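Asker: Before we start, here is the structure in question, set down as structure tokens.
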Amino acid sequence: MGRIFCALAVTEPTPKGRWNFAGHVVNNAMAIKAHGLWARVTGSTQDRQAVYDMIEKLDRYHGVVTGVFTGDECLAGKRPTQGTELCAVVEYAFSLEVLLSTLGDPAFGDRLEKIIFNALPATFSPEMWAHQYDQQVNQVECSIKERSWNSNGPEANIFGLERITGAAPRTLARVGLNLQQICG
């Protein structure tokens, strides 16, 4: 497998209007576990190290205080005013669960806890019937207005069941499964 995901150009925010698969925040959140899983097959320390390298790179260029990385569809840099998709939060949490069980490093559990208790609650209404497509660190306003997001429109941080795409019901199901596993 080599270091395919570590070779992706994730060091710069995706230019506005230039959506791409390599920069897609959900793809990156899911890809984090790939080298860890592959390391189980190969036994390669290089594959195992690739997991840490990818997380370090995402943290350095796109990480925010809640433990996730920004991406309003695509990777968006370190400005806390950039949003992070709910789907990316959930997929990153799932990747960390898999890495914790696969590689056994408690650091993955620590990061998972940080995300579940800091990034995830901000994405939902209190009763979990509505969510934001993009949440922002220390967000104080939910409104429809232009923001400096790279891909999403002005309505991306208001609450609703299916804000931008039909992914919300699937994401809610994934969150339920994850929370059941985590909180037992």
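If you're wondering about the labels, chains in the structure tokens are A, B, ... by order shown, residues count from 1 in each chain, ligands from 1 in order shown.
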DSSP on the backbone, strand (DSSP E) only: what residues of chain A does that give? Format it as a ChimeraX atom specification.
Answerer: /A:71-72,74-75,84-85,131-132,134-135,159-160
Asker: Grab the residues selected above and save them as an mmCIF file, in the first residue's frame with all heavy atoms.
Answerer:
```cif
data_model
loop_
_atom_site.group_PDB
_atom_site.id
_atom_site.type_symbol
_atom_site.label_atom_id
_atom_site.label_comp_id
_atom_site.auth_asym_id
_atom_site.auth_seq_id
_atom_site.Cartn_x
_atom_site.Cartn_y
_atom_site.Cartn_z
ATOM 1 N N GLY A 71 -12.990 21.390 7.518
ATOM 2 C CA GLY A 71 -13.342 20.972 6.179
ATOM 3 C C GLY A 71 -14.793 21.264 5.920
ATOM 4 O O GLY A 71 -15.668 20.592 6.439
ATOM 5 N N ASP A 72 -15.057 22.317 5.196
ATOM 6 C CA ASP A 72 -16.415 22.628 4.773
ATOM 7 C C ASP A 72 -16.530 22.075 3.348
ATOM 8 O O ASP A 72 -16.463 22.812 2.391
ATOM 9 C CB ASP A 72 -16.712 24.129 4.888
ATOM 10 C CG ASP A 72 -15.536 24.999 4.477
ATOM 11 O OD1 ASP A 72 -15.013 24.807 3.370
ATOM 12 O OD2 ASP A 72 -15.143 25.865 5.267
ATOM 13 N N CYS A 74 -14.182 20.409 1.769
ATOM 14 C CA CYS A 74 -12.777 20.062 1.577
ATOM 15 C C CYS A 74 -11.935 20.717 2.666
ATOM 16 O O CYS A 74 -12.369 21.670 3.304
ATOM 17 C CB CYS A 74 -12.299 20.504 0.206
ATOM 18 S SG CYS A 74 -13.038 19.538 -1.141
ATOM 19 N N LEU A 75 -10.740 20.193 2.870
ATOM 20 C CA LEU A 75 -9.841 20.692 3.903
ATOM 21 C C LEU A 75 -9.728 22.209 3.805
ATOM 22 O O LEU A 75 -9.594 22.759 2.723
ATOM 23 C CB LEU A 75 -8.474 20.031 3.776
ATOM 24 C CG LEU A 75 -8.484 18.534 4.052
ATOM 25 C CD1 LEU A 75 -7.152 17.914 3.685
ATOM 26 C CD2 LEU A 75 -8.828 18.250 5.498
ATOM 27 N N THR A 84 -16.521 22.450 10.029
ATOM 28 C CA THR A 84 -16.204 21.027 9.932
ATOM 29 C C THR A 84 -17.512 20.285 9.781
ATOM 30 O O THR A 84 -18.444 20.484 10.558
ATOM 31 C CB THR A 84 -15.467 20.528 11.193
ATOM 32 O OG1 THR A 84 -14.263 21.263 11.349
ATOM 33 C CG2 THR A 84 -15.156 19.046 11.082
ATOM 34 N N GLU A 85 -17.580 19.441 8.781
ATOM 35 C CA GLU A 85 -18.801 18.675 8.535
ATOM 36 C C GLU A 85 -19.067 17.668 9.653
ATOM 37 O O GLU A 85 -18.146 17.007 10.127
ATOM 38 C CB GLU A 85 -18.662 17.867 7.250
ATOM 39 C CG GLU A 85 -18.852 18.612 5.990
ATOM 40 C CD GLU A 85 -18.877 17.646 4.820
ATOM 41 O OE1 GLU A 85 -19.624 16.636 4.878
ATOM 42 O OE2 GLU A 85 -18.154 17.905 3.853
ATOM 43 N N HIS A 131 -29.363 18.782 12.957
ATOM 44 C CA HIS A 131 -27.912 18.938 12.997
ATOM 45 C C HIS A 131 -27.474 20.063 12.066
ATOM 46 O O HIS A 131 -28.239 20.530 11.237
ATOM 47 C CB HIS A 131 -27.224 17.630 12.607
ATOM 48 C CG HIS A 131 -27.120 17.432 11.129
ATOM 49 N ND1 HIS A 131 -28.190 17.102 10.343
ATOM 50 C CD2 HIS A 131 -26.067 17.556 10.301
ATOM 51 C CE1 HIS A 131 -27.794 17.012 9.084
ATOM 52 N NE2 HIS A 131 -26.509 17.288 9.038
ATOM 53 N N GLN A 132 -26.251 20.474 12.247
ATOM 54 C CA GLN A 132 -25.633 21.430 11.342
ATOM 55 C C GLN A 132 -24.791 20.653 10.345
ATOM 56 O O GLN A 132 -24.114 19.698 10.710
ATOM 57 C CB GLN A 132 -24.673 22.365 12.079
ATOM 58 C CG GLN A 132 -25.307 23.322 13.010
ATOM 59 C CD GLN A 132 -24.228 24.156 13.670
ATOM 60 O OE1 GLN A 132 -23.467 23.657 14.467
ATOM 61 N NE2 GLN A 132 -24.175 25.423 13.316
ATOM 62 N N ASP A 134 -22.221 22.125 8.758
ATOM 63 C CA ASP A 134 -20.904 22.618 9.182
ATOM 64 C C ASP A 134 -21.037 23.243 10.559
ATOM 65 O O ASP A 134 -21.903 24.075 10.778
ATOM 66 C CB ASP A 134 -20.383 23.717 8.247
ATOM 67 C CG ASP A 134 -19.962 23.186 6.897
ATOM 68 O OD1 ASP A 134 -19.534 22.019 6.814
ATOM 69 O OD2 ASP A 134 -20.062 23.936 5.916
ATOM 70 N N GLN A 135 -20.155 22.861 11.466
ATOM 71 C CA GLN A 135 -20.071 23.521 12.759
ATOM 72 C C GLN A 135 -18.764 24.303 12.779
ATOM 73 O O GLN A 135 -17.825 23.973 12.062
ATOM 74 C CB GLN A 135 -20.095 22.513 13.896
ATOM 75 C CG GLN A 135 -18.926 21.549 13.844
ATOM 76 C CD GLN A 135 -18.555 21.019 15.193
ATOM 77 O OE1 GLN A 135 -18.501 21.753 16.159
ATOM 78 N NE2 GLN A 135 -18.286 19.734 15.241
ATOM 79 N N PHE A 159 -29.502 24.679 11.622
ATOM 80 C CA PHE A 159 -29.916 23.342 12.031
ATOM 81 C C PHE A 159 -31.092 22.858 11.202
ATOM 82 O O PHE A 159 -31.999 23.614 10.880
ATOM 83 C CB PHE A 159 -30.295 23.342 13.515
ATOM 84 C CG PHE A 159 -29.108 23.342 14.420
ATOM 85 C CD1 PHE A 159 -28.504 24.534 14.787
ATOM 86 C CD2 PHE A 159 -28.580 22.148 14.890
ATOM 87 C CE1 PHE A 159 -27.398 24.537 15.626
ATOM 88 C CE2 PHE A 159 -27.477 22.143 15.719
ATOM 89 C CZ PHE A 159 -26.888 23.344 16.091
ATOM 90 N N GLY A 160 -31.090 21.579 10.880
ATOM 91 C CA GLY A 160 -32.174 20.943 10.165
ATOM 92 C C GLY A 160 -31.918 19.453 10.087
ATOM 93 O O GLY A 160 -30.842 18.983 10.448
#
```
Asker: Could you give me, as a list in words, each residue of range 92-161 of chain A that DSSP assigns to alpha helix (DSSP H) when run on this structure's backbone?
Answerer: Tyr92, Ala93, Phe94, Ser95, Leu96, Glu97, Val98, Leu99, Leu100, Ser101, Thr102, Leu103, Pro106, Ala107, Phe108, Gly109, Asp110, Arg111, Leu112, Glu113 and Lys114 of chain A
Asker: Write out, as an mmCIF file, in the first residue's frame, the residues just selected, with C-alpha atoms.
Answerer:
```cif
data_model
loop_
_atom_site.group_PDB
_atom_site.id
_atom_site.type_symbol
_atom_site.label_atom_id
_atom_site.label_comp_id
_atom_site.auth_asym_id
_atom_site.auth_seq_id
_atom_site.Cartn_x
_atom_site.Cartn_y
_atom_site.Cartn_z
ATOM 1 C CA TYR A 92 -12.956 10.490 12.282
ATOM 2 C CA ALA A 93 -14.368 9.108 15.539
ATOM 3 C CA PHE A 94 -15.025 5.773 13.835
ATOM 4 C CA SER A 95 -11.491 5.707 12.393
ATOM 5 C CA LEU A 96 -10.080 6.321 15.854
ATOM 6 C CA GLU A 97 -12.209 3.488 17.279
ATOM 7 C CA VAL A 98 -10.838 1.142 14.638
ATOM 8 C CA LEU A 99 -7.257 2.301 15.239
ATOM 9 C CA LEU A 100 -7.618 1.893 18.996
ATOM 10 C CA SER A 101 -8.793 -1.694 18.583
ATOM 11 C CA THR A 102 -6.314 -2.467 15.793
ATOM 12 C CA LEU A 103 -3.108 -0.828 17.006
ATOM 13 C CA PRO A 106 -4.394 4.628 24.049
ATOM 14 C CA ALA A 107 -3.666 7.961 22.348
ATOM 15 C CA PHE A 108 -6.392 7.061 19.838
ATOM 16 C CA GLY A 109 -8.849 6.634 22.710
ATOM 17 C CA ASP A 110 -7.819 9.984 24.183
ATOM 18 C CA ARG A 111 -8.402 11.735 20.847
ATOM 19 C CA LEU A 112 -11.693 9.896 20.408
ATOM 20 C CA GLU A 113 -12.867 11.092 23.824
ATOM 21 C CA LYS A 114 -11.884 14.670 23.010
#
```
Asker: Smallest atom-to-atom distance to Val137 in chain A: which of A:Ala122, A:Val25, A:Ala50, A:Ala156, using only C-alpha atoms?
Answerer: A:Ala122
Asker: Name the closest residue to Gly17 in chain A among the candidates A:Leu120, A:Gly43, A:Ala34, A:Trp149; distances are taken between atoms, counting only C-alpha atoms.
Answerer: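 The closest residue to Gly17 in chain A is A:Trp149.
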Asker: Using only C-alpha atoms, find the one residue out of A:Met30, A:Ala76, A:Val65, A:Val89 that sits nearest to Pro15 in chain A.
Answerer: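 Nearest to Pro15 in chain A: A:Ala76.
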Asker: Would you kindly return, as a list of chain:residue names, each protein, DNA or RNA residue with an atom no farther than 8 Å from any atom of Ile158 in chain A, considering only C-alpha atoms and excluding same-chain residues fewer than 5 positions away?
Answerer: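 Near Ile158 in chain A, the qualifying residues are A:His131, A:Gln132, A:Tyr133, A:Cys142, A:Ser143, A:Ile144, A:Arg163.
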Asker: One number please: CA of Trp19 in chain A to CA of Val90 in chain A, in Å, one decimal.
Answerer: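 Interatomic distance, CA of Trp19 in chain A to CA of Val90 in chain A: 20.5 Å.
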Asker: Here is a test: counting only C-alpha atoms, which residue of A:Asp59, A:Pro13, A:Thr66, A:Glu141 is nearest to Glu155 in chain A?
Answerer: A:Glu141
Asker: Give me, please, the distance in Å between CA of Asp47 in chain A and CA of Asn20 in chain A, quoted to one decimal.
Answerer: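 Value for the CA of Asp47 in chain A-CA of Asn20 in chain A distance: 24.7 Å.
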